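Reading through the structure tokens given below for one structure.
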Amino acid sequence: MIKTKPQTLIDDNKYCPGCGHGVINRLVAEVLEELGVADQTIGAVAVGCACLMIDTFGIDWIQAQHGRAAAVAAAIKRCRPDRTVLTYQGDGDALAIGFSETMYAAIRNENITVIFVNNTNFGMTGGQMAPTTLPGQKTTTSPHGRDCAVTGNPLKAIDMLKTLDIAYAARGAVTTAAEIAKTKRYIRNAFEAQLNGEGYSFVEVLSPCPTNWGMTPLAAKERVATTIQEYYPVGEFVKRGEKRHD
């Protein structure tokens, strides 16, 4: 069973009010326990809000350098193929400095599971523009809104992954009970792909970031359900046993 340290819930909860990370952490924990692999799971994190899991999420962890979690996870899996191996990363970590590691793990079809949290900014370090920041979105490094003529368009990781020979790719959200249930199913499917030895699995989760967006938790959740999901549609995009190329 995944256990937390014996502090109070308030002491353990390090995420900002309204942040989606807590729900996503819970979904990953439930899936690992339901699959019976929690005690044999190793996680890799790098830099960002994901690091806060290490104190409260009771599996073995290795902290990588910024952006390198996928490379570290691939090494763990090759050394210990009997273990279930995951990365838990934000959009800034996995798609900015870690873009090469993320994509090459997929290109090699490494048998790992990537949980990728997309809140359209660098969450922990001050709300800077990330590869996923939407057109016109204001951040601390794009105070007048993202200008795609200068920065290029937001990066859609799954569109790239769909062209590769991988096992599974899906995008979910944590906005409503129904969306949370779907996201949990996606996470379970991703880990099952790894357990079946099918290769690289990737689940992107759209998450609110009220603090850096300057919104209330309810307004941030509504923004995910409307504006962000319009740009990043949810669903399953690569499934086991199906043709993987468009």
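We name chains A, B, ... following the order of the structure tokens; residues begin at 1 in each chain, and ligands are numbered from 1 as shown.
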*Excluding same-chain residues fewer than 3 positions from A:Gly20, what lies within 7 Å of it counting only C-alpha atoms, as a VMD selection string?*
chain A and resid 23 to 24 174 207 to 208
Among stretch 4-213 of chain A, which residues carry a DSSP assignment of strand (DSSP E), reported as a PyMOL selection string? chain A and resi 41-45+60-63+84-90+113-118+168-173+201-206
One residue among A:Thr132, A:Thr87, A:Gln137, A:Asn118 is nearest to A:Trp213 when using only C-alpha atoms, and that residue is A:Gln137
Legend entry - Residue nearest A:Ser142 - candidates A:Lys156, A:Arg185, A:Thr216, A:Asn121, atoms counted: only C-alpha atoms: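 Going through A:Lys156, A:Arg185, A:Thr216, A:Asn121 one by one, the smallest distance to A:Ser142 is for A:Asn121.
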Using only C-alpha atoms, find each residue in stretch 90-185 of chain A having at least one atom no more than 10 Å away from stretch 57-67 of chain A; report its shortest atom-to-atom pair and that distance in Å (one decimal), rows by chain then rising number, as a Markdown table.
```
| residue | atom | partner | partner_atom | distance |
| --- | --- | --- | --- | --- |
| A:Gly90 | CA | A:Gly67 | CA | 9.4 |
| A:Asp91 | CA | A:Gly67 | CA | 9.9 |
| A:Gly92 | CA | A:Gly67 | CA | 8.3 |
| A:Asp93 | CA | A:Gly67 | CA | 4.8 |
| A:Ala94 | CA | A:Gly67 | CA | 5.5 |
| A:Leu95 | CA | A:Gly67 | CA | 7.9 |
| A:Ala96 | CA | A:Gly67 | CA | 7.5 |
| A:Ile97 | CA | A:Gly67 | CA | 5.2 |
| A:Gly98 | CA | A:Gly67 | CA | 3.6 |
| A:Phe99 | CA | A:Gly67 | CA | 7.3 |
| A:Ser100 | CA | A:Gly67 | CA | 8.6 |
| A:Glu101 | CA | A:Gly67 | CA | 7.1 |
| A:Thr102 | CA | A:Gly67 | CA | 8.2 |
```
Saved selection, atoms kept: all heavy atoms, as a PDB file, in the first residue's frame:
```
ATOM      1  N   GLY A  90       6.221  18.090 -15.064  1.00  0.00           N
ATOM      2  CA  GLY A  90       5.440  19.211 -15.557  1.00  0.00           C
ATOM      3  C   GLY A  90       5.797  19.543 -16.992  1.00  0.00           C
ATOM      4  O   GLY A  90       6.754  19.004 -17.563  1.00  0.00           O
ATOM      5  N   ASP A  91       5.038  20.465 -17.572  1.00  0.00           N
ATOM      6  CA  ASP A  91       5.236  20.811 -18.979  1.00  0.00           C
ATOM      7  C   ASP A  91       6.548  21.558 -19.201  1.00  0.00           C
ATOM      8  O   ASP A  91       7.217  21.349 -20.218  1.00  0.00           O
ATOM      9  CB  ASP A  91       4.056  21.619 -19.523  1.00  0.00           C
ATOM     10  CG  ASP A  91       3.578  22.708 -18.573  1.00  0.00           C
ATOM     11  OD1 ASP A  91       4.072  22.776 -17.431  1.00  0.00           O
ATOM     12  OD2 ASP A  91       2.701  23.490 -18.954  1.00  0.00           O
ATOM     13  N   GLY A  92       6.939  22.402 -18.269  1.00  0.00           N
ATOM     14  CA  GLY A  92       8.215  23.090 -18.416  1.00  0.00           C
ATOM     15  C   GLY A  92       9.379  22.123 -18.353  1.00  0.00           C
ATOM     16  O   GLY A  92      10.293  22.154 -19.182  1.00  0.00           O
ATOM     17  N   ASP A  93       9.341  21.211 -17.398  1.00  0.00           N
ATOM     18  CA  ASP A  93      10.413  20.247 -17.222  1.00  0.00           C
ATOM     19  C   ASP A  93      10.500  19.277 -18.402  1.00  0.00           C
ATOM     20  O   ASP A  93      11.563  19.072 -18.980  1.00  0.00           O
ATOM     21  CB  ASP A  93      10.173  19.469 -15.922  1.00  0.00           C
ATOM     22  CG  ASP A  93      11.154  18.344 -15.730  1.00  0.00           C
ATOM     23  OD1 ASP A  93      12.358  18.623 -15.627  1.00  0.00           O
ATOM     24  OD2 ASP A  93      10.721  17.178 -15.702  1.00  0.00           O
ATOM     25  N   ALA A  94       9.385  18.686 -18.799  1.00  0.00           N
ATOM     26  CA  ALA A  94       9.409  17.610 -19.797  1.00  0.00           C
ATOM     27  C   ALA A  94       9.528  18.105 -21.227  1.00  0.00           C
ATOM     28  O   ALA A  94      10.060  17.398 -22.081  1.00  0.00           O
ATOM     29  CB  ALA A  94       8.158  16.749 -19.657  1.00  0.00           C
ATOM     30  N   LEU A  95       9.037  19.328 -21.506  1.00  0.00           N
ATOM     31  CA  LEU A  95       9.005  19.788 -22.897  1.00  0.00           C
ATOM     32  C   LEU A  95       9.897  20.990 -23.177  1.00  0.00           C
ATOM     33  O   LEU A  95      10.026  21.389 -24.340  1.00  0.00           O
ATOM     34  CB  LEU A  95       7.566  20.140 -23.314  1.00  0.00           C
ATOM     35  CG  LEU A  95       6.593  18.973 -23.400  1.00  0.00           C
ATOM     36  CD1 LEU A  95       5.276  19.439 -24.003  1.00  0.00           C
ATOM     37  CD2 LEU A  95       7.161  17.805 -24.186  1.00  0.00           C
ATOM     38  N   ALA A  96      10.512  21.561 -22.146  1.00  0.00           N
ATOM     39  CA  ALA A  96      11.472  22.647 -22.396  1.00  0.00           C
ATOM     40  C   ALA A  96      12.871  22.049 -22.310  1.00  0.00           C
ATOM     41  O   ALA A  96      13.368  21.489 -23.280  1.00  0.00           O
ATOM     42  CB  ALA A  96      11.266  23.791 -21.404  1.00  0.00           C
ATOM     43  N   ILE A  97      13.499  22.121 -21.151  1.00  0.00           N
ATOM     44  CA  ILE A  97      14.849  21.575 -21.037  1.00  0.00           C
ATOM     45  C   ILE A  97      14.866  20.058 -21.239  1.00  0.00           C
ATOM     46  O   ILE A  97      15.856  19.483 -21.670  1.00  0.00           O
ATOM     47  CB  ILE A  97      15.478  21.954 -19.677  1.00  0.00           C
ATOM     48  CG1 ILE A  97      16.990  21.655 -19.675  1.00  0.00           C
ATOM     49  CG2 ILE A  97      14.776  21.262 -18.531  1.00  0.00           C
ATOM     50  CD1 ILE A  97      17.704  22.210 -18.472  1.00  0.00           C
ATOM     51  N   GLY A  98      13.748  19.379 -20.963  1.00  0.00           N
ATOM     52  CA  GLY A  98      13.714  17.925 -21.077  1.00  0.00           C
ATOM     53  C   GLY A  98      13.119  17.395 -22.369  1.00  0.00           C
ATOM     54  O   GLY A  98      12.833  16.201 -22.482  1.00  0.00           O
ATOM     55  N   PHE A  99      12.931  18.261 -23.369  1.00  0.00           N
ATOM     56  CA  PHE A  99      12.275  17.826 -24.609  1.00  0.00           C
ATOM     57  C   PHE A  99      13.018  16.659 -25.256  1.00  0.00           C
ATOM     58  O   PHE A  99      12.410  15.666 -25.681  1.00  0.00           O
ATOM     59  CB  PHE A  99      12.183  18.994 -25.589  1.00  0.00           C
ATOM     60  CG  PHE A  99      11.562  18.626 -26.905  1.00  0.00           C
ATOM     61  CD1 PHE A  99      10.184  18.501 -27.022  1.00  0.00           C
ATOM     62  CD2 PHE A  99      12.336  18.405 -28.031  1.00  0.00           C
ATOM     63  CE1 PHE A  99       9.610  18.149 -28.232  1.00  0.00           C
ATOM     64  CE2 PHE A  99      11.765  18.058 -29.239  1.00  0.00           C
ATOM     65  CZ  PHE A  99      10.393  17.927 -29.346  1.00  0.00           C
ATOM     66  N   SER A 100      14.329  16.755 -25.348  1.00  0.00           N
ATOM     67  CA  SER A 100      15.105  15.699 -26.000  1.00  0.00           C
ATOM     68  C   SER A 100      14.952  14.372 -25.267  1.00  0.00           C
ATOM     69  O   SER A 100      14.723  13.328 -25.888  1.00  0.00           O
ATOM     70  CB  SER A 100      16.580  16.100 -26.067  1.00  0.00           C
ATOM     71  OG  SER A 100      17.363  15.074 -26.642  1.00  0.00           O
ATOM     72  N   GLU A 101      15.064  14.394 -23.932  1.00  0.00           N
ATOM     73  CA  GLU A 101      14.942  13.162 -23.165  1.00  0.00           C
ATOM     74  C   GLU A 101      13.551  12.555 -23.305  1.00  0.00           C
ATOM     75  O   GLU A 101      13.401  11.332 -23.447  1.00  0.00           O
ATOM     76  CB  GLU A 101      15.260  13.417 -21.689  1.00  0.00           C
ATOM     77  CG  GLU A 101      16.734  13.597 -21.380  1.00  0.00           C
ATOM     78  CD  GLU A 101      17.273  14.946 -21.845  1.00  0.00           C
ATOM     79  OE1 GLU A 101      16.469  15.852 -22.170  1.00  0.00           O
ATOM     80  OE2 GLU A 101      18.502  15.104 -21.884  1.00  0.00           O
ATOM     81  N   THR A 102      12.531  13.407 -23.245  1.00  0.00           N
ATOM     82  CA  THR A 102      11.164  12.922 -23.382  1.00  0.00           C
ATOM     83  C   THR A 102      10.946  12.256 -24.731  1.00  0.00           C
ATOM     84  O   THR A 102      10.407  11.142 -24.825  1.00  0.00           O
ATOM     85  CB  THR A 102      10.170  14.087 -23.210  1.00  0.00           C
ATOM     86  OG1 THR A 102      10.297  14.618 -21.878  1.00  0.00           O
ATOM     87  CG2 THR A 102       8.734  13.632 -23.428  1.00  0.00           C
TER      88      THR A 102
END
```
**Item:** Using only C-alpha atoms: which of A:Glu204, A:Glu110, A:Glu192, A:Glu179 has the shortest distance to A:Leu164
**Value:**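 The closest residue to A:Leu164 is A:Glu110.
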Write out as a short mmCIF file (atom, residue, chain, number, x, y, z; two decimals) with C-alpha atoms, in the first residue's frame the set of residues from stretch 13-56 of chain A that DSSP, computed on the backbone, places in helix (DSSP H, G or I).
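Here's the written file out_8.cif:
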```cif
data_model
loop_
_atom_site.label_atom_id
_atom_site.label_comp_id
_atom_site.auth_asym_id
_atom_site.auth_seq_id
_atom_site.Cartn_x
_atom_site.Cartn_y
_atom_site.Cartn_z
CA HIS A 21 -1.42 17.91 -8.72
CA GLY A 22 -3.05 16.53 -5.58
CA VAL A 23 -5.84 14.88 -7.56
CA ILE A 24 -3.39 13.50 -10.12
CA ASN A 25 -1.17 12.12 -7.36
CA ARG A 26 -4.20 10.36 -5.89
CA LEU A 27 -5.15 8.83 -9.24
CA VAL A 28 -1.64 7.47 -9.80
CA ALA A 29 -1.58 6.03 -6.27
CA GLU A 30 -4.97 4.37 -6.68
CA VAL A 31 -3.99 2.79 -9.99
CA LEU A 32 -0.70 1.43 -8.65
CA GLU A 33 -2.46 -0.08 -5.65
CA GLU A 34 -5.29 -1.55 -7.71
CA ALA A 38 2.82 -0.15 -5.60
CA ASP A 39 5.55 -1.93 -3.65
CA GLN A 40 7.52 -2.62 -6.85
CA CYS A 49 6.09 20.88 -8.39
CA ALA A 50 6.50 17.15 -9.08
CA CYS A 51 9.31 17.09 -6.51
CA LEU A 52 6.77 17.68 -3.75
CA MET A 53 5.57 14.09 -4.25
CA ILE A 54 8.75 12.65 -2.82
CA ASP A 55 7.79 13.53 0.78
#
```
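Atom CA of A:Met124 is positioned 25.4 Å from atom CA of A:Thr41.
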What lies within 12 Å of A:Thr141 using only C-alpha atoms, ignoring chain neighbours under 4 positions off, as a PyMOL selection string? chain A and resi 121-122+125-130+133+137+145-147+151+212
Quiz item: Residues at most 9 Å from A:Thr84, counting only C-alpha atoms, excluding those fewer than 5 positions away in the same chain, as a PyMOL selection string?
Solution: chain A and resi 37-38+40-43+77+112-113+191+194-195
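The smallest atom-to-atom distance between A:Arg240 and any of A:Cys19, A:Ala190, A:Met215, A:Val150, using only C-alpha atoms, is found for A:Ala190.
Note that atom CA of A:Gly152 and atom CA of A:Thr183 are 28.8 Å apart.
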Exercise. Which distance in Å separates atom CA of A:Arg171 and atom CA of A:Leu206, to one decimal?
Worked result: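 That distance, rounded to one decimal, is 7.5 Å.
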Rank nothing, just name the residue among A:Arg83, A:Ala169, A:Met103, A:Pro217 nearest to A:Arg68, using only C-alpha atoms.
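For A:Arg68, the nearest of the given residues is A:Met103.
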Next item on the list: With a distance cut-off of 10 Å and only C-alpha atoms, select the neighbouring residues of A:Gln229, excluding the residue or stretch itself and same-chain residues fewer than 3 positions from it, and output the selection as a ChimeraX atom specification.
Entry: /A:171-173,206,223-226,232-234
Could you write out that same residue set with C-alpha atoms as a PDB file, in the first residue's frame?
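Writing the result to again16.pdb gives the following:
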```pdb
ATOM      1  CA  ARG A 171      -4.791  13.276 -22.551  1.00  0.00           C
ATOM      2  CA  GLY A 172      -7.145  13.823 -19.626  1.00  0.00           C
ATOM      3  CA  ALA A 173      -8.214  16.563 -17.236  1.00  0.00           C
ATOM      4  CA  LEU A 206      -4.541  19.230 -18.012  1.00  0.00           C
ATOM      5  CA  ARG A 223     -10.473  27.796 -17.752  1.00  0.00           C
ATOM      6  CA  VAL A 224      -9.179  24.251 -18.156  1.00  0.00           C
ATOM      7  CA  ALA A 225     -12.618  22.958 -19.126  1.00  0.00           C
ATOM      8  CA  THR A 226     -13.121  25.612 -21.787  1.00  0.00           C
ATOM      9  CA  TYR A 232      -5.612  20.498 -26.102  1.00  0.00           C
ATOM     10  CA  PRO A 233      -8.528  18.082 -26.643  1.00  0.00           C
ATOM     11  CA  VAL A 234      -8.832  15.143 -24.266  1.00  0.00           C
TER      12      VAL A 234
END
```
